[in-house]
>>> print(open('target34.cif').read())   # mmCIF, C-alpha atoms and all ligand atoms
data_protein
loop_
_atom_site.label_atom_id
_atom_site.label_comp_id
_atom_site.auth_asym_id
_atom_site.auth_seq_id
_atom_site.Cartn_x
_atom_site.Cartn_y
_atom_site.Cartn_z
CA MET A 1 -215.80 -20.18 -100.33
CA GLN A 2 -213.70 -23.07 -101.53
CA HIS A 3 -210.52 -23.84 -99.61
CA LYS A 4 -207.49 -24.74 -101.67
CA PRO A 5 -205.33 -27.45 -100.09
CA LYS A 6 -202.08 -25.92 -98.78
CA ARG A 7 -199.00 -26.87 -100.77
CA SER A 8 -196.16 -28.14 -98.63
CA ARG A 9 -192.56 -27.67 -99.78
CA ALA A 10 -191.28 -30.35 -97.43
CA ILE A 11 -190.41 -33.64 -99.08
CA ALA A 12 -191.29 -36.50 -96.77
CA LEU A 13 -188.75 -39.28 -96.49
CA PRO A 14 -190.18 -42.80 -96.51
CA ARG A 15 -190.46 -43.93 -92.86
CA ALA A 16 -187.80 -46.67 -93.15
CA GLU A 17 -185.30 -44.26 -94.67
CA PHE A 18 -186.04 -41.63 -92.02
CA ARG A 19 -185.46 -44.23 -89.28
CA ALA A 20 -182.20 -45.40 -90.91
CA ARG A 21 -180.90 -41.81 -91.14
CA ALA A 22 -181.88 -41.03 -87.55
CA THR A 23 -180.08 -44.18 -86.33
CA GLU A 24 -177.00 -43.21 -88.36
CA TYR A 25 -176.93 -39.74 -86.74
CA LEU A 26 -177.42 -41.17 -83.24
CA ASP A 27 -174.66 -43.77 -83.76
CA PHE A 28 -172.33 -41.01 -84.90
CA LEU A 29 -173.13 -38.79 -81.94
CA ALA A 30 -172.60 -41.73 -79.54
CA ALA A 31 -169.19 -42.46 -81.13
CA TRP A 32 -168.22 -38.80 -80.80
CA VAL A 33 -169.21 -38.74 -77.11
CA GLN A 34 -167.04 -41.81 -76.44
CA LYS A 35 -164.05 -40.91 -78.65
CA PRO A 36 -164.24 -37.26 -79.77
CA ARG A 37 -160.74 -37.07 -81.29
CA GLN A 38 -161.08 -40.35 -83.18
CA THR A 39 -164.55 -39.53 -84.54
CA ALA A 40 -163.87 -35.78 -84.97
CA SER A 41 -167.37 -34.82 -86.08
CA VAL A 42 -170.81 -34.96 -84.45
CA VAL A 43 -172.59 -35.82 -87.70
CA PRO A 44 -171.72 -37.98 -90.72
CA SER A 45 -170.61 -36.33 -93.97
CA SER A 46 -173.30 -35.26 -96.43
CA ARG A 47 -174.04 -37.00 -99.73
CA TYR A 48 -172.87 -33.83 -101.53
CA LEU A 49 -169.42 -34.19 -99.98
CA ALA A 50 -169.53 -37.94 -100.69
CA ARG A 51 -170.15 -37.20 -104.37
CA LEU A 52 -167.01 -35.03 -104.53
CA MET A 53 -164.96 -37.68 -102.73
CA VAL A 54 -165.75 -40.40 -105.29
CA ALA A 55 -165.74 -38.27 -108.47
CA GLN A 56 -162.49 -39.74 -109.85
CA ILE A 57 -163.38 -43.43 -109.31
CA ASP A 58 -163.53 -45.50 -112.49
CA PRO A 59 -165.62 -48.63 -111.77
CA THR A 60 -163.72 -50.57 -114.45
CA ASP A 61 -160.29 -49.75 -112.98
CA GLY A 62 -158.46 -51.26 -109.95
CA ARG A 63 -159.41 -51.74 -106.30
CA VAL A 64 -160.46 -48.93 -103.92
CA LEU A 65 -159.56 -48.50 -100.24
CA GLU A 66 -161.70 -46.38 -97.95
CA LEU A 67 -160.14 -45.20 -94.67
CA GLY A 68 -162.39 -44.29 -91.71
CA GLY A 69 -165.73 -45.62 -93.01
CA GLY A 70 -167.87 -44.43 -90.07
CA THR A 71 -171.55 -45.04 -90.83
CA GLY A 72 -170.88 -45.64 -94.54
CA VAL A 73 -171.76 -42.39 -96.35
CA PHE A 74 -168.69 -42.64 -98.61
CA THR A 75 -169.01 -46.44 -98.88
CA ARG A 76 -172.50 -46.00 -100.35
CA ALA A 77 -171.23 -43.35 -102.81
CA ILE A 78 -168.26 -45.51 -103.88
CA LEU A 79 -170.61 -48.43 -104.64
CA GLY A 80 -172.91 -45.94 -106.39
CA THR A 81 -170.18 -45.38 -109.03
CA GLY A 82 -170.77 -48.99 -110.12
CA LEU A 83 -167.57 -50.34 -108.54
CA PRO A 84 -168.17 -54.03 -107.72
CA PRO A 85 -168.29 -54.52 -103.89
CA GLU A 86 -165.52 -57.12 -103.98
CA LYS A 87 -163.13 -54.43 -105.27
CA LEU A 88 -163.71 -52.28 -102.15
CA GLU A 89 -162.16 -52.57 -98.69
CA VAL A 90 -163.19 -50.26 -95.83
CA VAL A 91 -160.88 -49.60 -92.88
CA GLU A 92 -162.57 -48.68 -89.59
CA ILE A 93 -161.12 -48.96 -86.06
CA ASN A 94 -164.31 -48.28 -84.12
CA PRO A 95 -165.80 -51.80 -83.56
CA ALA A 96 -169.41 -50.50 -83.44
CA PHE A 97 -169.01 -48.72 -86.80
CA ALA A 98 -167.24 -51.79 -88.26
CA ARG A 99 -170.22 -53.99 -87.22
CA GLY A 100 -172.67 -51.53 -88.82
CA LEU A 101 -170.66 -51.44 -92.06
CA ARG A 102 -170.64 -55.25 -92.27
CA ARG A 103 -174.41 -55.32 -91.71
CA HIS A 104 -175.17 -52.66 -94.35
CA PHE A 105 -172.59 -53.76 -96.94
CA PRO A 106 -172.28 -57.56 -96.57
CA ASN A 107 -170.25 -57.97 -99.78
CA VAL A 108 -167.64 -55.34 -98.87
CA SER A 109 -164.66 -56.34 -96.78
CA VAL A 110 -164.31 -54.32 -93.56
CA LEU A 111 -160.86 -54.21 -91.93
CA GLU A 112 -160.72 -53.35 -88.24
CA THR A 113 -157.11 -52.21 -88.55
CA PRO A 114 -155.51 -48.80 -87.91
CA ALA A 115 -155.05 -46.99 -91.22
CA GLN A 116 -151.36 -46.54 -90.28
CA ILE A 117 -150.73 -50.27 -90.96
CA VAL A 118 -153.39 -50.96 -93.60
CA SER A 119 -150.97 -52.79 -95.93
CA THR A 120 -150.71 -55.61 -93.35
CA ALA A 121 -154.44 -56.37 -93.69
CA ALA A 122 -155.44 -55.38 -97.24
CA ALA A 123 -156.48 -58.20 -99.57
CA GLY A 124 -155.17 -56.67 -102.81
CA GLU A 125 -151.53 -56.55 -103.90
CA PRO A 126 -149.55 -53.38 -103.13
CA GLY A 127 -149.48 -51.11 -106.19
CA THR A 128 -152.88 -52.22 -107.53
CA TYR A 129 -155.37 -49.77 -105.97
CA GLN A 130 -156.72 -46.91 -108.11
CA THR A 131 -157.85 -44.63 -105.23
CA VAL A 132 -157.74 -44.25 -101.46
CA VAL A 133 -160.82 -42.36 -100.20
CA SER A 134 -160.04 -41.03 -96.73
CA GLY A 135 -162.57 -39.83 -94.17
CA LEU A 136 -159.90 -39.90 -91.44
CA PRO A 137 -159.73 -36.96 -89.02
CA LEU A 138 -156.22 -35.88 -90.08
CA LEU A 139 -156.52 -32.52 -88.30
CA ALA A 140 -156.72 -34.42 -85.00
CA MET A 141 -153.56 -36.44 -85.78
CA ASP A 142 -149.90 -35.45 -85.68
CA ARG A 143 -147.46 -35.30 -88.59
CA HIS A 144 -145.87 -38.71 -87.78
CA VAL A 145 -149.27 -40.35 -88.13
CA HIS A 146 -149.89 -38.39 -91.38
CA TYR A 147 -146.57 -39.71 -92.70
CA ASP A 148 -147.46 -43.32 -91.82
CA ILE A 149 -150.98 -43.11 -93.30
CA LEU A 150 -149.83 -41.50 -96.56
CA SER A 151 -146.84 -43.79 -97.03
CA GLU A 152 -149.00 -46.88 -96.42
CA SER A 153 -151.64 -45.55 -98.82
CA PHE A 154 -149.13 -44.84 -101.59
CA ARG A 155 -147.62 -48.31 -101.06
CA MET A 156 -151.05 -49.70 -102.00
CA LEU A 157 -151.75 -47.26 -104.89
CA GLN A 158 -150.95 -48.01 -108.52
CA PRO A 159 -148.80 -45.53 -110.50
CA GLY A 160 -151.05 -42.52 -111.15
CA GLY A 161 -153.36 -43.47 -108.26
CA SER A 162 -154.68 -40.81 -105.91
CA PHE A 163 -155.34 -40.32 -102.21
CA VAL A 164 -158.50 -38.21 -101.69
CA GLN A 165 -159.07 -36.47 -98.38
CA PHE A 166 -161.61 -33.96 -97.10
CA THR A 167 -161.01 -31.35 -94.44
CA TYR A 168 -162.94 -28.53 -92.76
CA SER A 169 -160.23 -26.01 -93.63
CA MET A 170 -159.30 -24.30 -96.92
CA ARG A 171 -155.75 -25.65 -96.62
CA PRO A 172 -154.50 -29.24 -96.98
CA PRO A 173 -154.58 -31.02 -93.61
CA VAL A 174 -151.01 -32.33 -94.12
CA SER A 175 -147.92 -30.17 -93.61
CA ARG A 176 -145.57 -29.25 -96.47
CA ASP A 177 -142.62 -31.18 -94.97
CA VAL A 178 -144.61 -34.47 -94.97
CA ILE A 179 -145.80 -33.81 -98.56
CA ASP A 180 -142.19 -33.12 -99.67
CA ALA A 181 -140.72 -36.06 -97.73
CA LEU A 182 -143.08 -38.41 -99.60
CA ASP A 183 -142.55 -36.65 -102.95
CA LEU A 184 -146.24 -35.86 -103.44
CA ASN A 185 -148.33 -33.21 -105.16
CA VAL A 186 -151.54 -31.90 -103.64
CA GLU A 187 -154.38 -30.05 -105.38
CA ARG A 188 -157.83 -28.83 -104.39
CA ALA A 189 -160.40 -31.11 -106.01
CA GLY A 190 -163.63 -29.51 -104.83
CA GLN A 191 -165.52 -27.70 -102.13
CA THR A 192 -169.04 -27.78 -100.72
CA VAL A 193 -171.06 -25.72 -98.29
CA ARG A 194 -173.68 -28.47 -98.31
CA ASN A 195 -171.97 -30.27 -95.47
CA PHE A 196 -171.67 -29.56 -91.76
CA PRO A 197 -169.18 -27.94 -91.45
CA PRO A 198 -168.45 -26.84 -95.08
CA ALA A 199 -165.64 -28.98 -96.49
CA THR A 200 -162.82 -28.93 -99.02
CA VAL A 201 -161.56 -32.01 -100.88
CA PHE A 202 -157.84 -32.46 -101.65
CA ARG A 203 -156.25 -34.94 -104.03
CA PHE A 204 -152.69 -36.19 -103.39
CA THR A 205 -150.68 -37.83 -106.19
CA ARG A 206 -147.05 -38.91 -106.70
CA ARG A 207 -144.88 -36.21 -108.30
CA ASP A 208 -143.44 -38.68 -110.80
CA ALA A 209 -146.90 -39.90 -111.96
C1 LIG B 1 -164.78 -37.88 -89.34
S1 LIG B 1 -165.28 -39.58 -89.17
C2 LIG B 1 -165.72 -39.87 -90.91
C3 LIG B 1 -166.69 -41.01 -91.09
C4 LIG B 1 -167.29 -41.09 -92.50
N1 LIG B 1 -166.31 -41.36 -93.51
C5 LIG B 1 -168.01 -39.79 -92.84
O1 LIG B 1 -167.43 -39.00 -93.60
O2 LIG B 1 -169.13 -39.59 -92.34
C6 LIG B 1 -163.70 -40.41 -89.00
C7 LIG B 1 -163.75 -41.94 -88.95
O3 LIG B 1 -162.41 -42.44 -88.97
C8 LIG B 1 -162.28 -43.51 -88.01
N2 LIG B 1 -160.86 -43.54 -87.62
C9 LIG B 1 -160.20 -42.62 -86.87
N3 LIG B 1 -158.90 -42.93 -86.77
C10 LIG B 1 -158.72 -44.07 -87.48
C11 LIG B 1 -157.57 -44.89 -87.78
N4 LIG B 1 -156.36 -44.59 -87.30
N5 LIG B 1 -157.74 -45.98 -88.57
C12 LIG B 1 -158.98 -46.30 -89.06
N6 LIG B 1 -160.10 -45.57 -88.82
C13 LIG B 1 -159.98 -44.47 -88.03
C14 LIG B 1 -163.24 -43.10 -86.89
O4 LIG B 1 -163.63 -44.18 -86.09
C15 LIG B 1 -164.40 -42.50 -87.69
O5 LIG B 1 -165.33 -43.48 -88.07
#
>>> encode(input="target34.cif", output="structure tokens", more="lines below")
Ligand SMILES: C[S@@+](CC[C@H](N)C(=O)[O-])C[C@H]1O[C@@H](n2cnc3c(N)ncnc32)[C@H](O)[C@@H]1O
Amino acid sequence: MQHKPKRSRAIALPRAEFRARATEYLDFLAAWVQKPRQTASVVPSSRYLARLMVAQIDPTDGRVLELGGGTGVFTRAILGTGLPPEKLEVVEINPAFARGLRRHFPNVSVLETPAQIVSTAAAGEPGTYQTVVSGLPLLAMDRHVHYDILSESFRMLQPGGSFVQFTYSMRPPVSRDVIDALDLNVERAGQTVRNFPPATVFRFTRRDA
């Protein structure tokens, strides 16, 4: 009797990619053990969530700011839109993550500054950025910090620009009084279960845009 070779449904990752992913997961877990509130997740976001986060980026338009770069899942997706690396700045306060981002994305500028005061370190002029992509753990921050982060972000955004944020809840991670105080609109821009935990993406824009 002839034996048919068994078909495997598993898709093997090339060894280098597997090692890179494993390192990324371990780095993330180590950061969470040291600073659980600042890191706020035990694993990096998925590429499915990353795709939703960058969907509105136009590579021919203005600069992009990423807040809370971590191990670079969103950074990779932002560059994947075709945006030139010199138009991207990534803000990350964890020095180990900042070092990793500089190593993986040598042409992207990495700012080791709290997102609350990003305008003091950003290279581009205020009012010239098309999008702020935020991976910050807003649910672990209070409303005063939300106010500072959103007002700094909108200082940097061009008219019509948007602040994109994911959260593990179905509701926006910013309270109504902060949204009203800054004269913003918020809408749901997408959702995915292909992330741990499942995530929702919200887009904030100025009401007068
Ligand atoms: C939930 S992780 C997201 C990382 C990555 N964007 C992802 O989705 O996998 C949050 C990241 O924000 C960074 N972070 C937290 N607070 C910050 C702050 N105030 N300013 C800048 N980065 C901050 C953390 O160090 C961490 O890398």
>>> axis_aligned_box(input="target34.cif", around="ligand LIG 1 (chain B)", padding_each_side="5 Å", output="JSON")
{"center_x": -162.7, "center_y": -42.1, "center_z": -89.8, "size_x": 22.8, "size_y": 18.4, "size_z": 17.5}
>>> residues_around(input="target34.cif", residues="Ala98 of chain A", least_positions_apart="5", cutoff="8 Å", atoms="only C-alpha atoms", output="list in words")
Gly69, Gly70, Glu92, Ile93, Val110, Leu111 and Glu112 of chain A
>>> residues_around(input="target34.cif", residues="Asp208 of chain A", least_positions_apart="5", cutoff="9 Å", atoms="all atoms listed in the file", output="compact mmCIF listing (two decimals) with C-alpha atoms, keeping the file's coordinate frame")
# COMPACT_ATOMS: atom_id res chain seq x y z
CA PRO A 159 -148.80 -45.53 -110.50
CA GLY A 160 -151.05 -42.52 -111.15
CA ASP A 183 -142.55 -36.65 -102.95
CA LEU A 184 -146.24 -35.86 -103.44
>>> closest_residue(input="target34.cif", among="A:Phe28, A:Phe18, A:Phe163, A:Phe204", to="ligand LIG 1 (chain B)", atoms="only C-alpha atoms and all ligand atoms")
A:Phe28
>>> residues_near_ligand(input="target34.cif", ligand="ligand LIG 1 (chain B)", cutoff="6 Å", atoms="only C-alpha atoms and all ligand atoms", output="ChimeraX atom specification")
/A:38-41,44-45,67-70,73-74,91-94,114-115,135-137
